[in-house]
file input-v6.cif (mmCIF, C-alpha atoms, pLDDT in the B column; chains and numbers go by the auth columns)
data_work
#
loop_
_atom_site.group_PDB
_atom_site.id
_atom_site.type_symbol
_atom_site.label_atom_id
_atom_site.label_comp_id
_atom_site.label_asym_id
_atom_site.label_seq_id
_atom_site.Cartn_x
_atom_site.Cartn_y
_atom_site.Cartn_z
_atom_site.B_iso_or_equiv
_atom_site.auth_seq_id
_atom_site.auth_asym_id
ATOM 1 C CA MET A 1 107.306 45.117 136.707 45.00 1 D
ATOM 2 C CA LYS A 2 105.855 43.413 139.743 45.00 2 D
ATOM 3 C CA ILE A 3 105.496 45.143 143.073 44.00 3 D
ATOM 4 C CA VAL A 4 106.334 42.792 145.907 42.00 4 D
ATOM 5 C CA TYR A 5 105.377 43.103 149.541 40.00 5 D
ATOM 6 C CA SER A 6 107.039 41.564 152.567 39.00 6 D
ATOM 7 C CA TYR A 7 105.151 40.762 155.754 39.00 7 D
ATOM 8 C CA ASP A 8 107.041 41.029 159.020 44.00 8 D
ATOM 9 C CA GLU A 9 105.378 38.867 161.666 47.00 9 D
ATOM 10 C CA GLY A 10 107.291 40.699 164.385 49.00 10 D
ATOM 11 C CA ASP A 11 105.553 44.038 163.939 47.00 11 D
ATOM 12 C CA GLY A 12 102.663 42.913 161.707 46.00 12 D
ATOM 13 C CA LEU A 13 103.494 45.458 159.009 47.00 13 D
ATOM 14 C CA MET A 14 103.882 45.027 155.275 45.00 14 D
ATOM 15 C CA GLU A 15 106.563 46.866 153.343 48.00 15 D
ATOM 16 C CA GLN A 16 107.039 47.276 149.612 48.00 16 D
ATOM 17 C CA LEU A 17 110.211 45.747 148.234 48.00 17 D
ATOM 18 C CA THR A 18 112.000 46.629 145.025 51.00 18 D
ATOM 19 C CA ILE A 19 112.765 43.869 142.556 47.00 19 D
ATOM 20 C CA PHE A 20 116.369 43.952 143.797 47.00 20 D
ATOM 21 C CA GLU A 21 115.209 43.079 147.302 46.00 21 D
ATOM 22 C CA CYS A 22 113.149 40.104 146.096 41.00 22 D
ATOM 23 C CA GLU A 23 114.704 36.921 147.288 40.00 23 D
ATOM 24 C CA GLU A 24 118.196 36.500 145.957 45.00 24 D
ATOM 25 C CA ALA A 25 118.859 38.887 143.070 52.00 25 D
ATOM 26 C CA SER A 26 122.190 38.230 141.417 57.00 26 D
ATOM 27 C CA PRO A 27 124.398 40.537 139.333 59.00 27 D
ATOM 28 C CA LEU A 28 124.803 39.852 135.611 56.00 28 D
ATOM 29 C CA ALA A 29 127.840 39.508 133.420 59.00 29 D
ATOM 30 C CA GLU A 30 127.999 42.133 130.642 56.00 30 D
ATOM 31 C CA GLU A 31 127.359 39.571 127.901 52.00 31 D
ATOM 32 C CA GLU A 32 124.029 38.629 129.543 63.00 32 D
ATOM 33 C CA MET A 33 122.687 42.199 129.453 73.00 33 D
ATOM 34 C CA VAL A 34 120.535 43.687 126.682 85.00 34 D
ATOM 35 C CA PHE A 35 121.472 47.164 127.941 92.00 35 D
ATOM 36 C CA GLN A 36 124.814 48.152 129.443 92.00 36 D
ATOM 37 C CA ILE A 37 125.572 50.169 132.580 93.00 37 D
ATOM 38 C CA GLY A 38 125.620 53.838 131.589 96.00 38 D
ATOM 39 C CA ASP A 39 123.277 53.462 128.597 96.00 39 D
ATOM 40 C CA ASP A 40 120.800 56.302 128.080 98.00 40 D
ATOM 41 C CA VAL A 41 117.284 54.906 127.922 98.00 41 D
ATOM 42 C CA LYS A 42 113.688 56.037 127.770 97.00 42 D
ATOM 43 C CA ILE A 43 110.771 54.246 129.430 96.00 43 D
ATOM 44 C CA ARG A 44 108.233 53.063 126.894 95.00 44 D
ATOM 45 C CA LYS A 45 104.775 54.566 126.769 93.00 45 D
ATOM 46 C CA VAL A 46 102.193 52.290 128.348 90.00 46 D
ATOM 47 C CA GLN A 47 98.923 51.826 126.450 88.00 47 D
ATOM 48 C CA GLU A 48 95.534 51.955 128.212 86.00 48 D
ATOM 49 C CA GLU A 49 94.421 48.648 126.670 86.00 49 D
ATOM 50 C CA GLU A 50 97.527 46.671 127.671 85.00 50 D
ATOM 51 C CA PRO A 51 96.789 43.555 129.724 88.00 51 D
ATOM 52 C CA LEU A 52 98.867 44.524 132.775 88.00 52 D
ATOM 53 C CA ASP A 53 98.273 44.208 136.484 88.00 53 D
ATOM 54 C CA PRO A 54 97.054 47.560 137.863 89.00 54 D
ATOM 55 C CA GLU A 55 100.284 47.953 139.887 90.00 55 D
ATOM 56 C CA ASP A 56 102.411 47.396 136.782 89.00 56 D
ATOM 57 C CA PHE A 57 100.275 49.718 134.648 91.00 57 D
ATOM 58 C CA TYR A 58 100.405 52.669 137.057 91.00 58 D
ATOM 59 C CA TYR A 59 104.110 52.133 137.817 92.00 59 D
ATOM 60 C CA LEU A 60 104.966 52.256 134.101 93.00 60 D
ATOM 61 C CA LYS A 61 102.547 55.126 133.495 93.00 61 D
ATOM 62 C CA ASP A 62 104.351 57.245 136.131 93.00 62 D
ATOM 63 C CA PHE A 63 107.662 56.781 134.275 95.00 63 D
ATOM 64 C CA SER A 64 106.283 56.802 130.682 95.00 64 D
ATOM 65 C CA ASN A 65 108.590 58.635 128.216 95.00 65 D
ATOM 66 C CA LYS A 66 111.027 59.668 130.966 96.00 66 D
ATOM 67 C CA LYS A 67 114.726 59.479 130.149 97.00 67 D
ATOM 68 C CA GLY A 68 117.308 57.988 132.462 97.00 68 D
ATOM 69 C CA ILE A 69 120.572 56.054 132.719 97.00 69 D
ATOM 70 C CA ILE A 70 121.070 52.346 133.452 96.00 70 D
ATOM 71 C CA LEU A 71 122.701 52.137 136.906 95.00 71 D
ATOM 72 C CA SER A 72 122.758 48.371 137.426 92.00 72 D
ATOM 73 C CA ALA A 73 121.368 45.084 136.140 90.00 73 D
ATOM 74 C CA LYS A 74 120.508 41.901 138.014 88.00 74 D
ATOM 75 C CA THR A 75 118.544 38.698 137.622 85.00 75 D
ATOM 76 C CA ASN A 76 115.648 38.342 140.044 80.00 76 D
ATOM 77 C CA SER A 77 114.559 35.096 141.700 80.00 77 D
ATOM 78 C CA GLN A 78 112.384 34.188 138.682 81.00 78 D
ATOM 79 C CA GLY A 79 115.397 34.528 136.365 82.00 79 D
ATOM 80 C CA LYS A 80 114.195 37.772 134.726 84.00 80 D
ATOM 81 C CA VAL A 81 116.741 40.501 133.976 87.00 81 D
ATOM 82 C CA CYS A 82 115.908 43.721 135.854 90.00 82 D
ATOM 83 C CA TYR A 83 117.474 47.137 135.295 92.00 83 D
ATOM 84 C CA GLU A 84 117.837 49.937 137.818 94.00 84 D
ATOM 85 C CA VAL A 85 117.389 53.255 136.004 96.00 85 D
ATOM 86 C CA GLY A 86 118.387 56.608 137.493 96.00 86 D
ATOM 87 C CA PHE A 87 116.432 59.770 136.685 96.00 87 D
ATOM 88 C CA ASP A 88 116.767 63.426 137.700 91.00 88 D
ATOM 89 C CA ARG A 89 116.685 64.341 141.396 87.00 89 D
ATOM 90 C CA ASP A 90 117.905 60.967 142.648 89.00 90 D
ATOM 91 C CA VAL A 91 114.742 59.185 141.489 94.00 91 D
ATOM 92 C CA LYS A 92 115.265 55.513 140.587 94.00 92 D
ATOM 93 C CA GLY A 93 113.021 52.986 138.906 94.00 93 D
ATOM 94 C CA TYR A 94 113.264 49.262 138.220 92.00 94 D
ATOM 95 C CA PHE A 95 112.337 47.845 134.822 93.00 95 D
ATOM 96 C CA TYR A 96 112.541 44.821 132.547 91.00 96 D
ATOM 97 C CA SER A 97 114.254 45.173 129.158 91.00 97 D
ATOM 98 C CA GLY A 98 110.901 45.266 127.355 91.00 98 D
ATOM 99 C CA ASP A 99 110.042 48.479 129.190 94.00 99 D
ATOM 100 C CA LEU A 100 113.175 50.312 127.991 96.00 100 D
ATOM 101 C CA ILE A 101 114.132 52.004 124.718 96.00 101 D
ATOM 102 C CA LEU A 102 117.824 52.656 123.992 96.00 102 D
ATOM 103 C CA LEU A 103 118.547 56.298 123.104 95.00 103 D
#
call {"tool": "encode", "arguments": {"input": "input-v6.cif", "output": "C-alpha coordinates"}}
result
Amino acid sequence: MKIVYSYDEGDGLMEQLTIFECEEASPLAEEEMVFQIGDDVKIRKVQEEEPLDPEDFYYLKDFSNKKGIILSAKTNSQGKVCYEVGFDRDVKGYFYSGDLILL
(Lines of atoms letter the chains of each structure in order from A and count residues from 1; the text may use other names and numbers.)
(Lines give C-alpha, C1' and ligand atoms only; values in the text may rest on other atoms or scores of the structure.)
Protein backbone atom coordinates (compact mmCIF):
# COMPACT_ATOMS: atom_id res chain seq x y z
CA MET A 1 0.00 0.00 0.00
CA LYS A 2 1.51 3.30 -1.04
CA ILE A 3 0.56 6.57 0.57
CA VAL A 4 0.33 9.32 -2.01
CA TYR A 5 0.45 13.05 -1.45
CA SER A 6 -0.89 15.82 -3.64
CA TYR A 7 0.61 19.30 -3.68
CA ASP A 8 -1.73 22.20 -4.34
CA GLU A 9 0.23 25.17 -5.69
CA GLY A 10 -2.69 27.46 -4.92
CA ASP A 11 -2.46 27.17 -1.15
CA GLY A 12 0.96 25.49 -0.89
CA LEU A 13 -0.40 22.59 1.17
CA MET A 14 0.04 18.87 0.74
CA GLU A 15 -2.80 16.45 1.35
CA GLN A 16 -2.78 12.68 1.65
CA LEU A 17 -4.75 10.87 -1.02
CA THR A 18 -6.19 7.38 -0.86
CA ILE A 19 -5.32 4.93 -3.61
CA PHE A 20 -8.78 5.56 -5.08
CA GLU A 21 -7.95 9.24 -5.50
CA CYS A 22 -4.67 8.50 -7.30
CA GLU A 23 -4.93 9.55 -10.88
CA GLU A 24 -7.66 7.68 -12.68
CA ALA A 25 -8.77 4.63 -10.70
CA SER A 26 -11.20 2.49 -12.63
CA PRO A 27 -13.80 -0.02 -11.39
CA LEU A 28 -13.26 -3.73 -12.06
CA ALA A 29 -15.47 -6.37 -13.57
CA GLU A 30 -16.25 -9.24 -11.16
CA GLU A 31 -14.16 -11.73 -13.13
CA GLU A 32 -11.06 -9.53 -12.64
CA MET A 33 -11.34 -9.55 -8.84
CA VAL A 34 -9.58 -11.98 -6.50
CA PHE A 35 -12.07 -11.03 -3.77
CA GLN A 36 -15.72 -10.13 -4.32
CA ILE A 37 -17.75 -7.25 -2.91
CA GLY A 38 -19.17 -8.37 0.43
CA ASP A 39 -16.42 -10.93 1.17
CA ASP A 40 -15.31 -11.14 4.80
CA VAL A 41 -11.56 -10.67 5.01
CA LYS A 42 -8.79 -10.28 7.54
CA ILE A 43 -5.71 -8.10 7.08
CA ARG A 44 -2.53 -10.14 7.15
CA LYS A 45 -0.05 -9.76 9.96
CA VAL A 46 2.95 -7.69 8.92
CA GLN A 47 6.38 -9.01 9.93
CA GLU A 48 9.06 -6.72 11.41
CA GLU A 49 11.69 -7.93 8.92
CA GLU A 50 9.58 -7.37 5.80
CA PRO A 51 11.20 -5.11 3.21
CA LEU A 52 8.44 -2.48 3.12
CA ASP A 53 8.49 1.29 2.96
CA PRO A 54 7.95 2.72 6.46
CA GLU A 55 4.57 4.17 5.40
CA ASP A 56 3.41 0.78 4.11
CA PHE A 57 4.70 -1.06 7.18
CA TYR A 58 2.96 1.17 9.73
CA TYR A 59 -0.26 1.34 7.67
CA LEU A 60 -0.46 -2.47 7.54
CA LYS A 61 0.60 -2.78 11.18
CA ASP A 62 -2.33 -0.56 12.26
CA PHE A 63 -4.79 -2.91 10.52
CA SER A 64 -2.97 -6.23 11.23
CA ASN A 65 -5.39 -9.11 12.02
CA LYS A 66 -8.46 -6.84 11.84
CA LYS A 67 -11.55 -8.24 10.15
CA GLY A 68 -13.61 -6.32 7.64
CA ILE A 69 -15.77 -6.52 4.52
CA ILE A 70 -14.78 -5.74 0.92
CA LEU A 71 -16.72 -2.59 -0.07
CA SER A 72 -15.29 -1.94 -3.53
CA ALA A 73 -12.46 -2.85 -5.89
CA LYS A 74 -10.67 -0.74 -8.48
CA THR A 75 -7.51 -0.68 -10.55
CA ASN A 76 -5.18 2.20 -9.75
CA SER A 77 -3.12 4.13 -12.29
CA GLN A 78 -0.30 1.55 -12.11
CA GLY A 79 -2.75 -1.24 -12.98
CA LYS A 80 -2.76 -2.79 -9.48
CA VAL A 81 -6.06 -4.05 -8.04
CA CYS A 82 -6.97 -2.19 -4.84
CA TYR A 83 -9.70 -3.13 -2.37
CA GLU A 84 -11.61 -0.81 -0.06
CA VAL A 85 -12.29 -2.66 3.20
CA GLY A 86 -14.83 -1.48 5.77
CA PHE A 87 -14.27 -2.08 9.49
CA ASP A 88 -16.26 -1.28 12.63
CA ARG A 89 -17.18 2.34 13.38
CA ASP A 90 -17.07 3.51 9.76
CA VAL A 91 -13.31 2.95 9.51
CA LYS A 92 -12.09 2.12 5.98
CA GLY A 93 -8.75 0.93 4.68
CA TYR A 94 -7.30 0.36 1.22
CA PHE A 95 -5.33 -2.79 0.44
CA TYR A 96 -3.87 -4.94 -2.32
CA SER A 97 -4.99 -8.58 -2.60
CA GLY A 98 -1.74 -9.81 -1.06
CA ASP A 99 -2.61 -7.99 2.16
CA LEU A 100 -5.98 -9.75 2.55
CA ILE A 101 -7.00 -13.20 3.80
CA LEU A 102 -10.46 -14.55 2.87
CA LEU A 103 -12.48 -15.68 5.90
call {"tool": "resolve_selection", "arguments": {"input": "input-v6.cif", "expression": "the PyMOL selection byres ((chain D and resi 85) around 7)", "output": "VMD selection string"}}
result
chain D and resid 68 to 71 83 to 84 86 to 87 92 to 94
call {"tool": "write_last_selection", "arguments": {"input": "input-v6.cif", "atoms": "C-alpha atoms", "output": "tab-separated table (two decimals), keeping the file's coordinate frame"}}
result
chain	number	residue	atom	x	y	z
D	68	GLY	CA	117.31	57.99	132.46
D	69	ILE	CA	120.57	56.05	132.72
D	70	ILE	CA	121.07	52.35	133.45
D	71	LEU	CA	122.70	52.14	136.91
D	83	TYR	CA	117.47	47.14	135.29
D	84	GLU	CA	117.84	49.94	137.82
D	86	GLY	CA	118.39	56.61	137.49
D	87	PHE	CA	116.43	59.77	136.68
D	92	LYS	CA	115.26	55.51	140.59
D	93	GLY	CA	113.02	52.99	138.91
D	94	TYR	CA	113.26	49.26	138.22
call {"tool": "residues_around", "arguments": {"input": "input-v6.cif", "residues": "Leu100 (chain D)", "least_positions_apart": "2", "cutoff": "6 Å", "atoms": "all atoms listed in the file", "output": "PyMOL selection string"}}
result
chain D and resi 42-44+97-98
call {"tool": "closest_residue", "arguments": {"input": "input-v6.cif", "among": "D:Phe95, D:Leu103, D:Val41, D:Glu49", "to": "Thr75 (chain D)", "atoms": "all atoms listed in the file"}}
result
D:Phe95
call {"tool": "atom_distance", "arguments": {"input": "input-v6.cif", "atom1": "CA of Asp39 (chain D)", "atom2": "CA of Tyr58 (chain D)"}}
result
24.4 Å
call {"tool": "atom_distance", "arguments": {"input": "input-v6.cif", "atom1": "CA of Lys45 (chain D)", "atom2": "CA of Asn65 (chain D)"}}
result
5.8 Å
call {"tool": "closest_residue", "arguments": {"input": "input-v6.cif", "among": "D:Asp88, D:Val34, D:Tyr59, D:Pro54", "to": "Ala73 (chain D)", "atoms": "only C-alpha atoms"}}
result
D:Val34
call {"tool": "atom_distance", "arguments": {"input": "input-v6.cif", "atom1": "CA of Ser77 (chain D)", "atom2": "CA of Gln47 (chain D)"}}
result
27.5 Å
call {"tool": "closest_residue", "arguments": {"input": "input-v6.cif", "among": "D:Leu102, D:Glu55, D:Val46, D:Tyr96", "to": "Asn76 (chain D)", "atoms": "all atoms listed in the file"}}
result
D:Tyr96
call {"tool": "closest_residue", "arguments": {"input": "input-v6.cif", "among": "D:Ile101, D:Met33, D:Leu60, D:Leu52", "to": "Val81 (chain D)", "atoms": "all atoms listed in the file"}}
result
D:Met33
